[in-house]
Protein chains: 2
Amino acid sequence: MRRYSGERLCKKCFLKSIENKVQVTIGKYKMFKITDKIAVAVSGGKDSVGLLHILSKIEADFPKSSLCAITVDEGIKGYRDEAVKVAAQNCSKLGIEQTVVSFKELFGYTLDEIVNKTQSKKMTPCAYCGVFRRRALNIAARKVGADKIATAHTLDDEVQTFLLNIVHGDPLRTARSGPIFGAEREGLVPRAKPLCEVLERESALYAFVKRISFQEMPCPYAGEALRNDIRNMLNRLEEKHPGMKYTIFSSMEKIRQSMKATIEETALSKCEECGEPTTGALCQACQILQKLRNA
Amino acid sequence: MRRYSGERLCKKCFLKSIENKVQVTIGKYKMFKITDKIAVAVSGGKDSVGLLHILSKIEADFPKSSLCAITVDEGIKGYRDEAVKVAAQNCSKLGIEQTVVSFKELFGYTLDEIVNKTQSKKMTPCAYCGVFRRRALNIAARKVGADKIATAHTLDDEVQTFLLNIVHGDPLRTARSGPIFGAEREGLVPRAKPLCEVLERESALYAFVKRISFQEMPCPYAGEALRNDIRNMLNRLEEKHPGMKYTIFSSMEKIRQSMKATIEETALSKCEECGEPTTGALCQACQILQKLRNA
């Protein structure tokens with residue numbers, strides 16, 4: 001039963017309802033053109049593998065578009081190696097070409113090595129991983145000639161990040177992200193989030209009902225303390241007031257629209273070291289790499 | 001001990017620190033002019049009575065300004081009648097003139113009567129009370145010739161309301177409020193919130209340490225379920241991450257500044273029935289009164 005709408009759906013109708021919702025989201029935010037080559041970021045987890053299945057189904061109706069998968073291997077022993085295999089199985093089942101890029105090959109270090117080198121520092125593994133993963137996705141997407149990157153951020157992820165930005169005192173970050181963003185910046189492949197209006201629990205249920213194989217283990221480094229607090233708090237609120245996550249999402253969109261006008265797009269230049277797009281002289285990835293080399 | 005800053009203060013220094021903070025807040029947001037007649041909204045609770053004491057101390061250094069108190073008697077038997085007396089005691093002790101206005105005299109109904117008439121309706125007592133209390137304050141402030149109304153909203157109140165607006169899907173309300181607002185609208189006496197950067201627990205401690213008498217009982221109608229959930233959640237977060245309420249406050253201010261530019265001030269007209277400022281033909285108070293008369 002879907003508590004926020006009161007619907008009760010059979011398995012088939014539930015799957016259809018998720019696929020329809022994703023299609024509506026794609027249309028609403030004009031995420032893709034009918035000629036786009038879309039690179040789906042597939043980690044091997046429930047959300048991204050589910051997204052791959054959904055997009056593959058939707059894309060079948062658009063012969064001029066094409067789909068491929070990008071998997072970033074961060075180098076997390078006993079975790080990501082498994083996930084990469086699961087992602088590959090799903091891709092081959094769906095007949096979708098998969099490109100795997102690794103932190104090691106792109107940056108010279110696995111995440112395990114980075115964590116070892118930086119244990120006493122202020123940044124969490126997630127913070128390093130985020131910078132390098134975004135960069136890796138961008139490099140891989142350009143390599144395969146993709147027009148867009150599709151990521152599997154769910155409604156829960158989006159709402160959590162929004163509140164996290166508020167709680168961190170950095171709400172303007174919200175204005176710079178969104179269901180689709182980065183569309184007109186040189187060197188950056190635009191990103192779309194087709195699951196941004198799907199609850200995480202429904203994304204999980206989709207994978208479960210559809211008997212999709214995915215990596216079930218959580219990342220051993222996961223555990224941003226504050227995000228966990230906010231996740232729990234949101235789940236408690238949603239439990240008591242069904243539909244609340246959607247209301248927060250709509251507030252976020254209203255704030256985003258209202259702030260957009262006043263926020264100047266920062267001009268992007270090329271990083272002096274790697275040539276990737278950045279707002280400063282040296283991109284964040286190169287700044288981190290410099291510190292790692294000296295560590 | 002002040003957890004967000006690590007300070008440990010004796011009683012005297014604690015009182016001084018709160019008074020200084022309020023003075024800094026007043027200056028930062030340019031709340032008052034040196035010639036202002038300031039009407040403090042004094043309910044008789046810890047925050048408003050404390051504010052009266054603090055402002056009376058600060059105002060002593062500004063001979064061209066003056067202070068008076070407004071108490072709104074909503075008509076809540078066994079609760080507000082007590083509070084009105086406590087407010088009066090504090091005013092006479094400080095030599096501040098108090099004006100009491102009641103819902104009954106202004107609108108024809110006590111809050112008790114309104115609650116009785118509307119029990120099955122969708123609006124909570126707090127919602128009715130809010131509309132009429134704001135109106136009563138405005139009428140009383142004009143009557144005594146006040147240039148500004150000072151209310152005792154604390155940092156906690158402000159941050160709770162901000163999150164409540166987000167959770168209700170109405171974040172633009174945030175842009176229309178703030179530490180000082182209503183400054184340039186005809187018929188509305190501008191409002192200032194000198195305690196907006198003081199934690200509620202420090203406001204309570206101020207009243208306690210200064211041995212101020214105040215109404216300790218909570219309002220019998222209080223209990224907006226969602227606000228209570230948000231209050232508890234914020235207190236839990238602040239407990240784990242001291243300073244977080246301040247960070248959320250600063251996010252709120254950033255969002256407010258950034259949204260202000262895109263939000264057009266709605267022009268105010270006069271209510272067809274009572275002549276008070278409103279955005280529609282009939283003001284909210286008169287709309288409610290019309291329904292009450294037909295109930």
# chains A, B, ... in the order shown; residues from 1 in each chain; ligands from 1

$ residues_around --residues "Tyr206 (chain A)" --least-positions-apart "5" --cutoff "8 Å" --atoms "only C-alpha atoms" --output "list in words"
Phe14, Leu15, Ile18 and Gly50 of chain A

$ select_by_dssp --residues "region 43-150 of chain A" --states "strand (DSSP E)" --output "list of chain:residue names"
A:Ser66, A:Leu67, A:Cys68, A:Ala69, A:Ile70, A:Thr71, A:Val72, A:Asp73, A:Gln98, A:Thr99, A:Val100, A:Val101, A:Ser102, A:Lys148, A:Ile149, A:Ala150

$ residues_around --residues "region 71-83 of chain B" --least-positions-apart "2" --cutoff "9 Å" --atoms "only C-alpha atoms" --output "VMD selection string"
chain B and resid 40 to 45 69 85 to 88 98 to 104 109 to 113 129 132 to 133 136 to 137 140 214 to 221

$ write_last_selection --atoms "N, CA and C atoms" --output "compact mmCIF listing (two decimals), in the first residue's frame"
# COMPACT_ATOMS: atom_id res chain seq x y z
N VAL B 40 6.39 46.73 23.11
CA VAL B 40 6.80 45.33 23.29
C VAL B 40 5.56 44.48 23.50
N ALA B 41 5.44 43.42 22.71
CA ALA B 41 4.32 42.51 22.87
C ALA B 41 4.62 41.59 24.05
N VAL B 42 3.93 41.80 25.17
CA VAL B 42 4.24 41.05 26.39
C VAL B 42 3.08 40.13 26.75
N SER B 43 3.28 38.85 26.57
CA SER B 43 2.21 37.90 26.89
C SER B 43 2.22 37.55 28.37
N GLY B 44 3.39 37.66 28.99
CA GLY B 44 3.54 37.24 30.37
C GLY B 44 4.39 35.98 30.48
N GLY B 45 4.76 35.41 29.34
CA GLY B 45 5.64 34.23 29.33
C GLY B 45 7.11 34.64 29.49
N ALA B 69 4.29 48.67 26.69
CA ALA B 69 3.98 47.24 26.56
C ALA B 69 2.55 47.06 26.07
N LYS B 85 -1.85 39.34 34.52
CA LYS B 85 -1.44 39.90 35.82
C LYS B 85 0.08 39.93 35.96
N VAL B 86 0.72 38.81 35.61
CA VAL B 86 2.18 38.74 35.71
C VAL B 86 2.82 39.80 34.82
N ALA B 87 2.28 39.98 33.63
CA ALA B 87 2.80 41.00 32.71
C ALA B 87 2.68 42.37 33.36
N ALA B 88 1.50 42.63 33.98
CA ALA B 88 1.27 43.93 34.61
C ALA B 88 2.26 44.19 35.74
N GLN B 98 1.47 49.81 30.35
CA GLN B 98 0.95 48.61 29.70
C GLN B 98 -0.45 48.87 29.13
N THR B 99 -0.68 48.46 27.91
CA THR B 99 -2.01 48.54 27.32
C THR B 99 -2.51 47.12 27.10
N VAL B 100 -3.67 46.82 27.63
CA VAL B 100 -4.23 45.48 27.43
C VAL B 100 -5.39 45.56 26.44
N VAL B 101 -5.34 44.74 25.39
CA VAL B 101 -6.49 44.65 24.47
C VAL B 101 -6.96 43.20 24.46
N SER B 102 -8.27 43.04 24.35
CA SER B 102 -8.77 41.66 24.39
C SER B 102 -9.48 41.27 23.10
N PHE B 103 -9.40 39.98 22.78
CA PHE B 103 -10.14 39.45 21.63
C PHE B 103 -11.62 39.80 21.75
N LYS B 104 -12.14 39.65 23.00
CA LYS B 104 -13.56 39.87 23.25
C LYS B 104 -13.98 41.29 22.83
N TYR B 109 -15.46 37.82 20.44
CA TYR B 109 -15.37 36.46 20.96
C TYR B 109 -14.08 36.29 21.74
N THR B 110 -14.10 35.52 22.83
CA THR B 110 -12.85 35.10 23.46
C THR B 110 -12.33 33.89 22.68
N LEU B 111 -11.05 33.55 22.88
CA LEU B 111 -10.54 32.37 22.17
C LEU B 111 -11.29 31.12 22.64
N ASP B 112 -11.61 31.06 23.93
CA ASP B 112 -12.40 29.93 24.43
C ASP B 112 -13.70 29.78 23.63
N GLU B 113 -14.36 30.89 23.38
CA GLU B 113 -15.62 30.85 22.62
C GLU B 113 -15.37 30.41 21.17
N CYS B 129 -5.94 31.90 16.66
CA CYS B 129 -5.30 32.79 17.63
C CYS B 129 -4.25 33.64 16.95
N PHE B 132 -5.84 36.54 14.86
CA PHE B 132 -6.41 37.60 15.70
C PHE B 132 -5.36 38.30 16.57
N ARG B 133 -4.36 37.56 17.00
CA ARG B 133 -3.34 38.17 17.86
C ARG B 133 -2.50 39.18 17.08
N ALA B 136 -4.66 42.18 16.64
CA ALA B 136 -4.82 42.91 17.90
C ALA B 136 -3.57 43.73 18.23
N LEU B 137 -2.41 43.13 18.00
CA LEU B 137 -1.15 43.84 18.26
C LEU B 137 -1.04 45.07 17.38
N ALA B 140 -3.50 47.77 18.59
CA ALA B 140 -3.04 48.37 19.85
C ALA B 140 -1.81 49.25 19.62
N PHE B 214 7.21 35.05 35.77
CA PHE B 214 6.51 34.89 34.49
C PHE B 214 5.52 33.74 34.58
N GLN B 215 4.63 33.69 33.62
CA GLN B 215 3.64 32.62 33.54
C GLN B 215 4.36 31.35 33.09
N GLU B 216 4.36 30.33 33.95
CA GLU B 216 5.12 29.12 33.61
C GLU B 216 4.29 28.06 32.92
N MET B 217 2.99 28.17 33.10
CA MET B 217 2.09 27.16 32.51
C MET B 217 2.10 27.27 30.99
N PRO B 218 2.11 26.15 30.28
CA PRO B 218 1.98 26.26 28.83
C PRO B 218 0.52 26.50 28.46
N CYS B 219 0.29 27.10 27.31
CA CYS B 219 -1.08 27.36 26.85
C CYS B 219 -1.84 26.04 26.73
N PRO B 220 -3.06 25.97 27.27
CA PRO B 220 -3.82 24.72 27.21
C PRO B 220 -4.15 24.29 25.77
N TYR B 221 -4.15 25.24 24.85
CA TYR B 221 -4.45 24.88 23.45
C TYR B 221 -3.19 24.56 22.66

$ closest_residue --among "B:Lys30, B:Lys148, B:His53, B:His153" --to "Arg191 (chain B)" --atoms "only C-alpha atoms"
B:Lys148

$ closest_atom_pairs --of "chain B" --to "chain A" --cutoff "7 Å" --atoms "only C-alpha atoms" --output "JSON lines"
{"residue": "B:Ile166", "atom": "CA", "partner": "A:Ser251", "partner_atom": "CA", "distance": 5.4}
{"residue": "B:Val167", "atom": "CA", "partner": "A:Ile248", "partner_atom": "CA", "distance": 5.1}
{"residue": "B:His168", "atom": "CA", "partner": "A:Thr247", "partner_atom": "CA", "distance": 6.3}
{"residue": "B:Gly169", "atom": "CA", "partner": "A:Ser251", "partner_atom": "CA", "distance": 4.7}
{"residue": "B:Asp170", "atom": "CA", "partner": "A:Ser251", "partner_atom": "CA", "distance": 6.3}
{"residue": "B:Pro171", "atom": "CA", "partner": "A:Ser251", "partner_atom": "CA", "distance": 5.7}
{"residue": "B:Met244", "atom": "CA", "partner": "A:Val167", "partner_atom": "CA", "distance": 6.5}
{"residue": "B:Thr247", "atom": "CA", "partner": "A:Gly169", "partner_atom": "CA", "distance": 5.0}
{"residue": "B:Ile248", "atom": "CA", "partner": "A:Val167", "partner_atom": "CA", "distance": 5.1}
{"residue": "B:Ser250", "atom": "CA", "partner": "A:Gly169", "partner_atom": "CA", "distance": 6.0}
{"residue": "B:Ser251", "atom": "CA", "partner": "A:Gly169", "partner_atom": "CA", "distance": 4.7}
{"residue": "B:Ile255", "atom": "CA", "partner": "A:Pro171", "partner_atom": "CA", "distance": 6.7}
{"residue": "B:Ser258", "atom": "CA", "partner": "A:Met259", "partner_atom": "CA", "distance": 5.4}
{"residue": "B:Met259", "atom": "CA", "partner": "A:Met259", "partner_atom": "CA", "distance": 5.2}
{"residue": "B:Ala261", "atom": "CA", "partner": "A:Thr262", "partner_atom": "CA", "distance": 7.0}
{"residue": "B:Thr262", "atom": "CA", "partner": "A:Ser258", "partner_atom": "CA", "distance": 6.0}

$ write_last_selection --atoms "C-alpha atoms" --output "CSV table (one decimal), in the first residue's frame"
chain,number,residue,atom,x,y,z
B,166,ILE,CA,9.4,23.9,4.2
B,167,VAL,CA,7.5,20.9,5.5
B,168,HIS,CA,4.2,22.5,4.6
B,169,GLY,CA,5.4,23.3,1.1
B,170,ASP,CA,5.2,27.0,1.6
B,171,PRO,CA,8.8,28.1,1.8
B,244,MET,CA,23.3,23.6,14.5
B,247,THR,CA,23.7,27.3,11.2
B,248,ILE,CA,20.1,26.7,10.2
B,250,SER,CA,22.1,31.5,8.8
B,251,SER,CA,20.8,29.2,6.0
B,255,ILE,CA,17.7,31.9,1.4
B,258,SER,CA,18.4,35.3,-2.2
B,259,MET,CA,14.6,34.9,-2.6
B,261,ALA,CA,14.8,39.8,-5.1
B,262,THR,CA,12.4,37.6,-6.9

$ atom_distance --atom1 "CA of Pro242 (chain B)" --atom2 "CA of Arg8 (chain B)"
14.7 Å

$ residues_around --residues "Gly280 (chain B)" --least-positions-apart "5" --cutoff "8 Å" --atoms "only C-alpha atoms" --output "PyMOL selection string"
chain B and resi 268-269+271

$ write_last_selection --atoms "all heavy atoms" --output "PDB file, in the first residue's frame"
ATOM      1  N   LEU B 268      -0.787  46.156  -0.599  1.00  0.00           N
ATOM      2  CA  LEU B 268      -1.818  46.034   0.428  1.00  0.00           C
ATOM      3  C   LEU B 268      -2.972  46.986   0.114  1.00  0.00           C
ATOM      4  O   LEU B 268      -2.758  48.119  -0.311  1.00  0.00           O
ATOM      5  CB  LEU B 268      -1.236  46.387   1.796  1.00  0.00           C
ATOM      6  CG  LEU B 268      -0.288  45.364   2.411  1.00  0.00           C
ATOM      7  CD1 LEU B 268       0.134  45.804   3.796  1.00  0.00           C
ATOM      8  CD2 LEU B 268      -0.963  43.996   2.497  1.00  0.00           C
ATOM      9  N   SER B 269      -4.177  46.495   0.318  1.00  0.00           N
ATOM     10  CA  SER B 269      -5.333  47.385   0.208  1.00  0.00           C
ATOM     11  C   SER B 269      -6.042  47.381   1.565  1.00  0.00           C
ATOM     12  O   SER B 269      -5.601  46.723   2.496  1.00  0.00           O
ATOM     13  CB  SER B 269      -6.264  46.886  -0.887  1.00  0.00           C
ATOM     14  OG  SER B 269      -6.594  45.536  -0.646  1.00  0.00           O
ATOM     15  N   CYS B 271      -9.170  46.394   3.952  1.00  0.00           N
ATOM     16  CA  CYS B 271     -10.255  45.418   4.033  1.00  0.00           C
ATOM     17  C   CYS B 271     -11.600  46.144   3.908  1.00  0.00           C
ATOM     18  O   CYS B 271     -11.824  47.174   4.545  1.00  0.00           O
ATOM     19  CB  CYS B 271     -10.177  44.669   5.365  1.00  0.00           C
ATOM     20  SG  CYS B 271     -11.627  43.659   5.709  1.00  0.00           S
TER      21      CYS B 271
END
